[in-house]
Amino acid sequence: MSNHNHHDTGQSPWITPFNVIAGLIVLMGIYLTYLRFTGGLAAVTNLDDYYPWGIWISFDLLCGVALAAGGYTTAAACYIFGIKKYHAAVRPAVLTAFLGYALVVFALHYDVGQPWRLAYPIFVQQGTTSVLFEVGLCVFLYLTVLFLEWLPAPLEWLKLKRVRNIVIKLTLVLTVFGVILSTMHQSSLGALYLILPSKMHPLWFSSHLPIYFFVSSMFAGLSMVIFESTLSHRYYHNKMDKEHLEGTPHVTFGFAKAAAWIMAGYFFIKLFGVVLNDNWGYLPTFYGFIFSLEMLGFVALPAFLYAKGVRDKNVKLIKWTAVLAVFGIIFNRFNVSLVAYNYHLPSELKYFPALAEIGVTIFVVTVGLILFKLISTRMPIFYEHPDFKGSH
Amino acid sequence: MEFYTMLEFDIFTKNWAYIFMGVAVITMLGWWLFLTGQDEE
Amino acid sequence: MNRRKFLGAMGVAGLGVAGAEKVLAAEDGVTGASVKDVKGLPDSYAVLFDVTRCIGCRQCEDACNYEQHLPEPDVDFFDTGVFQQIRRTDWKTYTVVNQYDDKPPGAGDLYRKIQCMHCLEPACAHSCFVKAFAKRHDGAVTYDPNVCVGCRYCMMACPFNIPAYEYHIALDPLVTKCTFCEHRLKDDREPACVEICPTGAMYFSTREEVLKEARVRVVNNPDKYQSHIYGEHEMGGTNWIYISGVPFEDVGMRMDLGTRAAGDYTSGALGGVPLIASFWPVLLVGAYAISKRREKIAKEERDSFVSQIIAEAGPEAGRRLAERLSRSETLDKAAIEEEVRKALNEAAAKTEREDH
Ligand code: SF4
Ligand code: SF4
Ligand code: SF4
């Protein structure tokens, strides 16, 4: 607590493995950016007329938004449901969510054909019948909300007490608004696929897709918070204050318990997708294998392991389970958007991402890590600012 | 209103739905403040 | 459906059309007759494509290329080599003729032309978040290049895989697709591809007339045609209508699309959005109020507890206890009770000492 102000002053050298690797990735990203905006999407992606959406949508948008759900779940648990024990987890979660959404929007600038028109749906001509309009509007508003939720950290850092206190007063309103917007767009990401029933494999297509996406975003967010706290404890332990360190086990066990409980419910609503559409016949096929793997290996298994971790007070197990659950979410989003999509096309027409496409995604994630590092080592994220202690 | 397609119907109704969503959220906020305005403490 | 049943149904449907003053689409339930006021577009232009009449000469492709000022094709339009593969529309081809039998390229007799179907309820228009697509009352589904962001959701949504994208263009790529020769429809002229067809494989008229003609052909030649009029109901109905002598799957047309318009599939989910916006505040703020109230009661109990201790054990112990309690907000109940027990013991010990 006492030495957080003089971190990396002098003693940390510039040449660290993180900096070197991140630097190389950023250089690569700049080069790919150049290629993208001189040669078009064809120069860096394998997208074609059958596959207008590739991994920039599957990973950067769908997974990005789902994994940034920790922002609304943590804030809601602390401020709406009044579980004060989670207070120390709110700031890192909000920062991650804010950066996550900012990067989603950043990544979309590569994906859409004319990025300078990205705000057209909001300011020029509103296609209100489109699910994507709803997603766009909510992401735009929620990014603003997250910015405001994160704002106290830089304001405390800049010692702008008056403004900071005004923003703090908005906490509850922002949290409620954030949950509303998150419910809307997390579910709408699933609803995007409702308009193309004939192109989706029946095992993943259901009129309940929006509910699947919303419910899974909850435990995606919770798992991500657990996973992240593992990483930040490894690297930022010295920056954490007593509240943060004491709160962490509460967060780990509480979130693991919540995730296990939600995942059980999710397992069953997904099962009803099979029951209500009579999809049993698809289970013994290749797609059925992928589907069962997702359900058993990436939903049922992590749910069980979370429960076991909670019962045995096994922090390590919970942390590894969080990794599994995060992979499960990624697996699910890829299954919906790339495996189930166009399932009827012959394999030679199917899509596989280009190296450059993966490169841009890695670049975007790296930018996120760099920003997180820059901000959390400078601003009061893992500790309360001494001037503002206990005042929120 | 006259609609020649469902699309026209959807555009018209959804436009108003979005406007009233804004109205609903803002009204709810004001209503809560009004409702709890006289609470002690 | 067997042939006799089909003919019976045709008779009824024929009567329906003959007597229909208004709506084709809305009346037959295709566009959701449950919604009042939706009139449908029976007078919009439509084209009937008769698969049995197409000879695969590709002159329509040529005419389209010329009419729409599209770039030079990779292969000449008279080259039958293209039939070796099944092709689709792309940024420099708005329409494509494919061969669907096993005969050598160009020597077959089973061809079908592909272009935008100009759906009555277009998925592309419903999905576009800047309303770049419009369904005109003359039947054409048109595209406005001045607002398109290039998200390509329209391409995802189109059940017929029609819109294509200019992936090779760096800064201002656009979505491309058949326009129904919109500029010609405005002058009541048939599209270029229809006009040039040497065999009359395409018949251009209003949608109502086109459906009537399709029925006449199918009913009069039951042995020649499949008993299905493709596009009458598919995905809510289209303005390009197909009849065929072989099952439609054999000429690459999906029969499993269903009759619901694409927008119908999302209306449930989109209808839920306003519910969230208006009712989530009720639930969330309600939950907040409950947790606040519980907190308040707990605090009151704690305060009265502390004052009780002050009364029993003196102000010093009480003050320290209150301080620790306020700091222990984040600790749980067990910890608080522990603190209280300690404070009580201390106070008791102290009074005992003073007594001695
Ligand atoms: S066929 Fe596809 S592009 Fe053409 S109107 Fe229908 S949905 Fe739109
Ligand atoms: S690519 Fe253009 S036309 Fe298609 S949905 Fe996006 S903005 Fe609309
Ligand atoms: S209607 Fe016009 S744009 Fe469409 S395929 Fe025919 S010629 Fe081409």
# chains A, B, ... in the order shown; residues from 1 in each chain; ligands from 1
$ residues_around --residues "A:Phe147" --least-positions-apart "5" --cutoff "10 Å" --atoms "only C-alpha atoms" --output "list in words"
Val94, Leu95, Ala97, Phe98, Leu99, Tyr101, Ala102, Leu141, Tyr142 and Pro152 of chain A
$ write_last_selection --atoms "N, CA, C and O atoms" --output "PDB file, in the first residue's frame"
ATOM      1  N   VAL A  94     -14.081  -3.469 -14.192  1.00  0.00           N
ATOM      2  CA  VAL A  94     -14.585  -2.378 -15.032  1.00  0.00           C
ATOM      3  C   VAL A  94     -13.517  -1.937 -16.034  1.00  0.00           C
ATOM      4  O   VAL A  94     -13.801  -1.704 -17.205  1.00  0.00           O
ATOM      5  N   LEU A  95     -12.268  -1.872 -15.555  1.00  0.00           N
ATOM      6  CA  LEU A  95     -11.191  -1.491 -16.471  1.00  0.00           C
ATOM      7  C   LEU A  95     -11.087  -2.501 -17.615  1.00  0.00           C
ATOM      8  O   LEU A  95     -10.982  -2.126 -18.786  1.00  0.00           O
ATOM      9  N   ALA A  97     -13.388  -4.498 -18.757  1.00  0.00           N
ATOM     10  CA  ALA A  97     -14.554  -4.389 -19.633  1.00  0.00           C
ATOM     11  C   ALA A  97     -14.432  -3.180 -20.547  1.00  0.00           C
ATOM     12  O   ALA A  97     -14.674  -3.256 -21.747  1.00  0.00           O
ATOM     13  N   PHE A  98     -14.008  -2.071 -19.977  1.00  0.00           N
ATOM     14  CA  PHE A  98     -13.871  -0.851 -20.775  1.00  0.00           C
ATOM     15  C   PHE A  98     -12.869  -1.064 -21.906  1.00  0.00           C
ATOM     16  O   PHE A  98     -13.151  -0.792 -23.079  1.00  0.00           O
ATOM     17  N   LEU A  99     -11.706  -1.607 -21.549  1.00  0.00           N
ATOM     18  CA  LEU A  99     -10.707  -1.870 -22.590  1.00  0.00           C
ATOM     19  C   LEU A  99     -11.231  -2.897 -23.580  1.00  0.00           C
ATOM     20  O   LEU A  99     -11.025  -2.773 -24.787  1.00  0.00           O
ATOM     21  N   TYR A 101     -14.322  -3.551 -24.536  1.00  0.00           N
ATOM     22  CA  TYR A 101     -15.273  -2.967 -25.494  1.00  0.00           C
ATOM     23  C   TYR A 101     -14.573  -1.991 -26.433  1.00  0.00           C
ATOM     24  O   TYR A 101     -14.880  -1.932 -27.626  1.00  0.00           O
ATOM     25  N   ALA A 102     -13.649  -1.215 -25.881  1.00  0.00           N
ATOM     26  CA  ALA A 102     -12.932  -0.270 -26.740  1.00  0.00           C
ATOM     27  C   ALA A 102     -12.213  -1.032 -27.849  1.00  0.00           C
ATOM     28  O   ALA A 102     -12.195  -0.619 -29.008  1.00  0.00           O
ATOM     29  N   LEU A 141     -23.488   2.871 -26.432  1.00  0.00           N
ATOM     30  CA  LEU A 141     -23.918   3.438 -25.151  1.00  0.00           C
ATOM     31  C   LEU A 141     -23.159   2.805 -23.983  1.00  0.00           C
ATOM     32  O   LEU A 141     -22.743   3.486 -23.051  1.00  0.00           O
ATOM     33  N   TYR A 142     -22.966   1.482 -24.069  1.00  0.00           N
ATOM     34  CA  TYR A 142     -22.321   0.801 -22.952  1.00  0.00           C
ATOM     35  C   TYR A 142     -20.848   1.195 -22.840  1.00  0.00           C
ATOM     36  O   TYR A 142     -20.310   1.285 -21.741  1.00  0.00           O
ATOM     37  N   PRO A 152     -13.491   7.452 -12.375  1.00  0.00           N
ATOM     38  CA  PRO A 152     -12.939   7.808 -11.065  1.00  0.00           C
ATOM     39  C   PRO A 152     -11.455   7.477 -10.925  1.00  0.00           C
ATOM     40  O   PRO A 152     -10.719   8.220 -10.280  1.00  0.00           O
TER      41      PRO A 152
END
$ interface_residues --of "chain B" --to "chain C" --cutoff "8 Å" --atoms "only C-alpha atoms" --output "MDAnalysis selection string"
chainID B and resid 1:7 9 17:18 21 24:25 28
$ write_last_selection --atoms "C-alpha atoms" --output "mmCIF file, in the first residue's frame"
data_model
loop_
_atom_site.group_PDB
_atom_site.id
_atom_site.type_symbol
_atom_site.label_atom_id
_atom_site.label_comp_id
_atom_site.auth_asym_id
_atom_site.auth_seq_id
_atom_site.Cartn_x
_atom_site.Cartn_y
_atom_site.Cartn_z
ATOM 1 C CA MET B 1 -50.538 4.240 -41.501
ATOM 2 C CA GLU B 2 -50.544 2.161 -44.644
ATOM 3 C CA PHE B 3 -47.992 -0.559 -45.080
ATOM 4 C CA TYR B 4 -47.292 -2.441 -48.258
ATOM 5 C CA THR B 5 -44.820 -4.866 -46.710
ATOM 6 C CA MET B 6 -44.010 -6.227 -43.294
ATOM 7 C CA LEU B 7 -40.666 -4.497 -43.687
ATOM 8 C CA PHE B 9 -44.476 -2.082 -40.813
ATOM 9 C CA ALA B 17 -40.088 1.452 -30.119
ATOM 10 C CA TYR B 18 -36.574 2.871 -29.887
ATOM 11 C CA MET B 21 -37.354 2.969 -24.989
ATOM 12 C CA ALA B 24 -39.085 4.737 -20.677
ATOM 13 C CA VAL B 25 -35.575 4.633 -19.265
ATOM 14 C CA MET B 28 -38.167 5.468 -14.828
#
$ closest_atom_pairs --of "chain C" --to "ligand 2" --cutoff "9 Å" --atoms "only C-alpha atoms and all ligand atoms" --output "tab-separated table"
residue	atom	partner	partner_atom_place_in_ligand_line	distance
C:Cys124	CA	ligand 2	5 (S)	6.6
C:Ala125	CA	ligand 2	5 (S)	7.5
C:His126	CA	ligand 2	5 (S)	8.7
C:Ser127	CA	ligand 2	5 (S)	5.9
C:Cys128	CA	ligand 2	5 (S)	3.6
C:Phe129	CA	ligand 2	8 (Fe)	5.7
C:Val130	CA	ligand 2	7 (S)	5.5
C:Lys131	CA	ligand 2	8 (Fe)	6.3
C:Ala132	CA	ligand 2	3 (S)	4.9
C:Phe133	CA	ligand 2	3 (S)	6.1
C:Tyr143	CA	ligand 2	3 (S)	6.8
C:Asp144	CA	ligand 2	3 (S)	7.5
C:Pro145	CA	ligand 2	3 (S)	7.6
C:Val147	CA	ligand 2	7 (S)	6.9
C:Cys148	CA	ligand 2	2 (Fe)	3.7
C:Val149	CA	ligand 2	7 (S)	4.2
C:Gly150	CA	ligand 2	1 (S)	3.7
C:Cys151	CA	ligand 2	6 (Fe)	3.9
C:Arg152	CA	ligand 2	1 (S)	3.5
C:Tyr153	CA	ligand 2	5 (S)	4.4
C:Cys154	CA	ligand 2	5 (S)	4.1
C:Met155	CA	ligand 2	4 (Fe)	6.5
C:Met156	CA	ligand 2	5 (S)	8.6
C:Ala157	CA	ligand 2	5 (S)	8.6
C:Pro163	CA	ligand 2	4 (Fe)	8.3
C:Tyr165	CA	ligand 2	1 (S)	8.1
C:Leu174	CA	ligand 2	2 (Fe)	7.1
C:Val175	CA	ligand 2	1 (S)	6.1
$ residues_around --residues "B:Ile11" --least-positions-apart "2" --cutoff "8 Å" --atoms "only C-alpha atoms" --output "PyMOL selection string"
(chain A and resi 127-129) or (chain B and resi 7-9+13-15)
$ write_last_selection --atoms "C-alpha atoms" --output "tab-separated table (two decimals), in the first residue's frame"
chain	number	residue	atom	x	y	z
A	127	GLY	CA	-31.87	0.59	-39.55
A	128	THR	CA	-34.08	-0.15	-36.57
A	129	THR	CA	-35.29	-3.50	-37.88
B	7	LEU	CA	-40.67	-4.50	-43.69
B	8	GLU	CA	-42.38	-1.12	-43.80
B	9	PHE	CA	-44.48	-2.08	-40.81
B	13	THR	CA	-43.00	0.27	-35.34
B	14	LYS	CA	-39.34	-0.27	-34.44
B	15	ASN	CA	-38.54	3.42	-34.93
$ residues_around --residues "A:Phe106" --least-positions-apart "6" --cutoff "12 Å" --atoms "only C-alpha atoms" --output "ChimeraX atom specification"
/A:33,56,60-61,64,99-100,112,115-116,118,143,360-361,363-365,367-368
$ closest_residue --among "A:Val176, A:Val124, A:Ile57, A:Leu103" --to "chain B" --atoms "only C-alpha atoms"
A:Val176
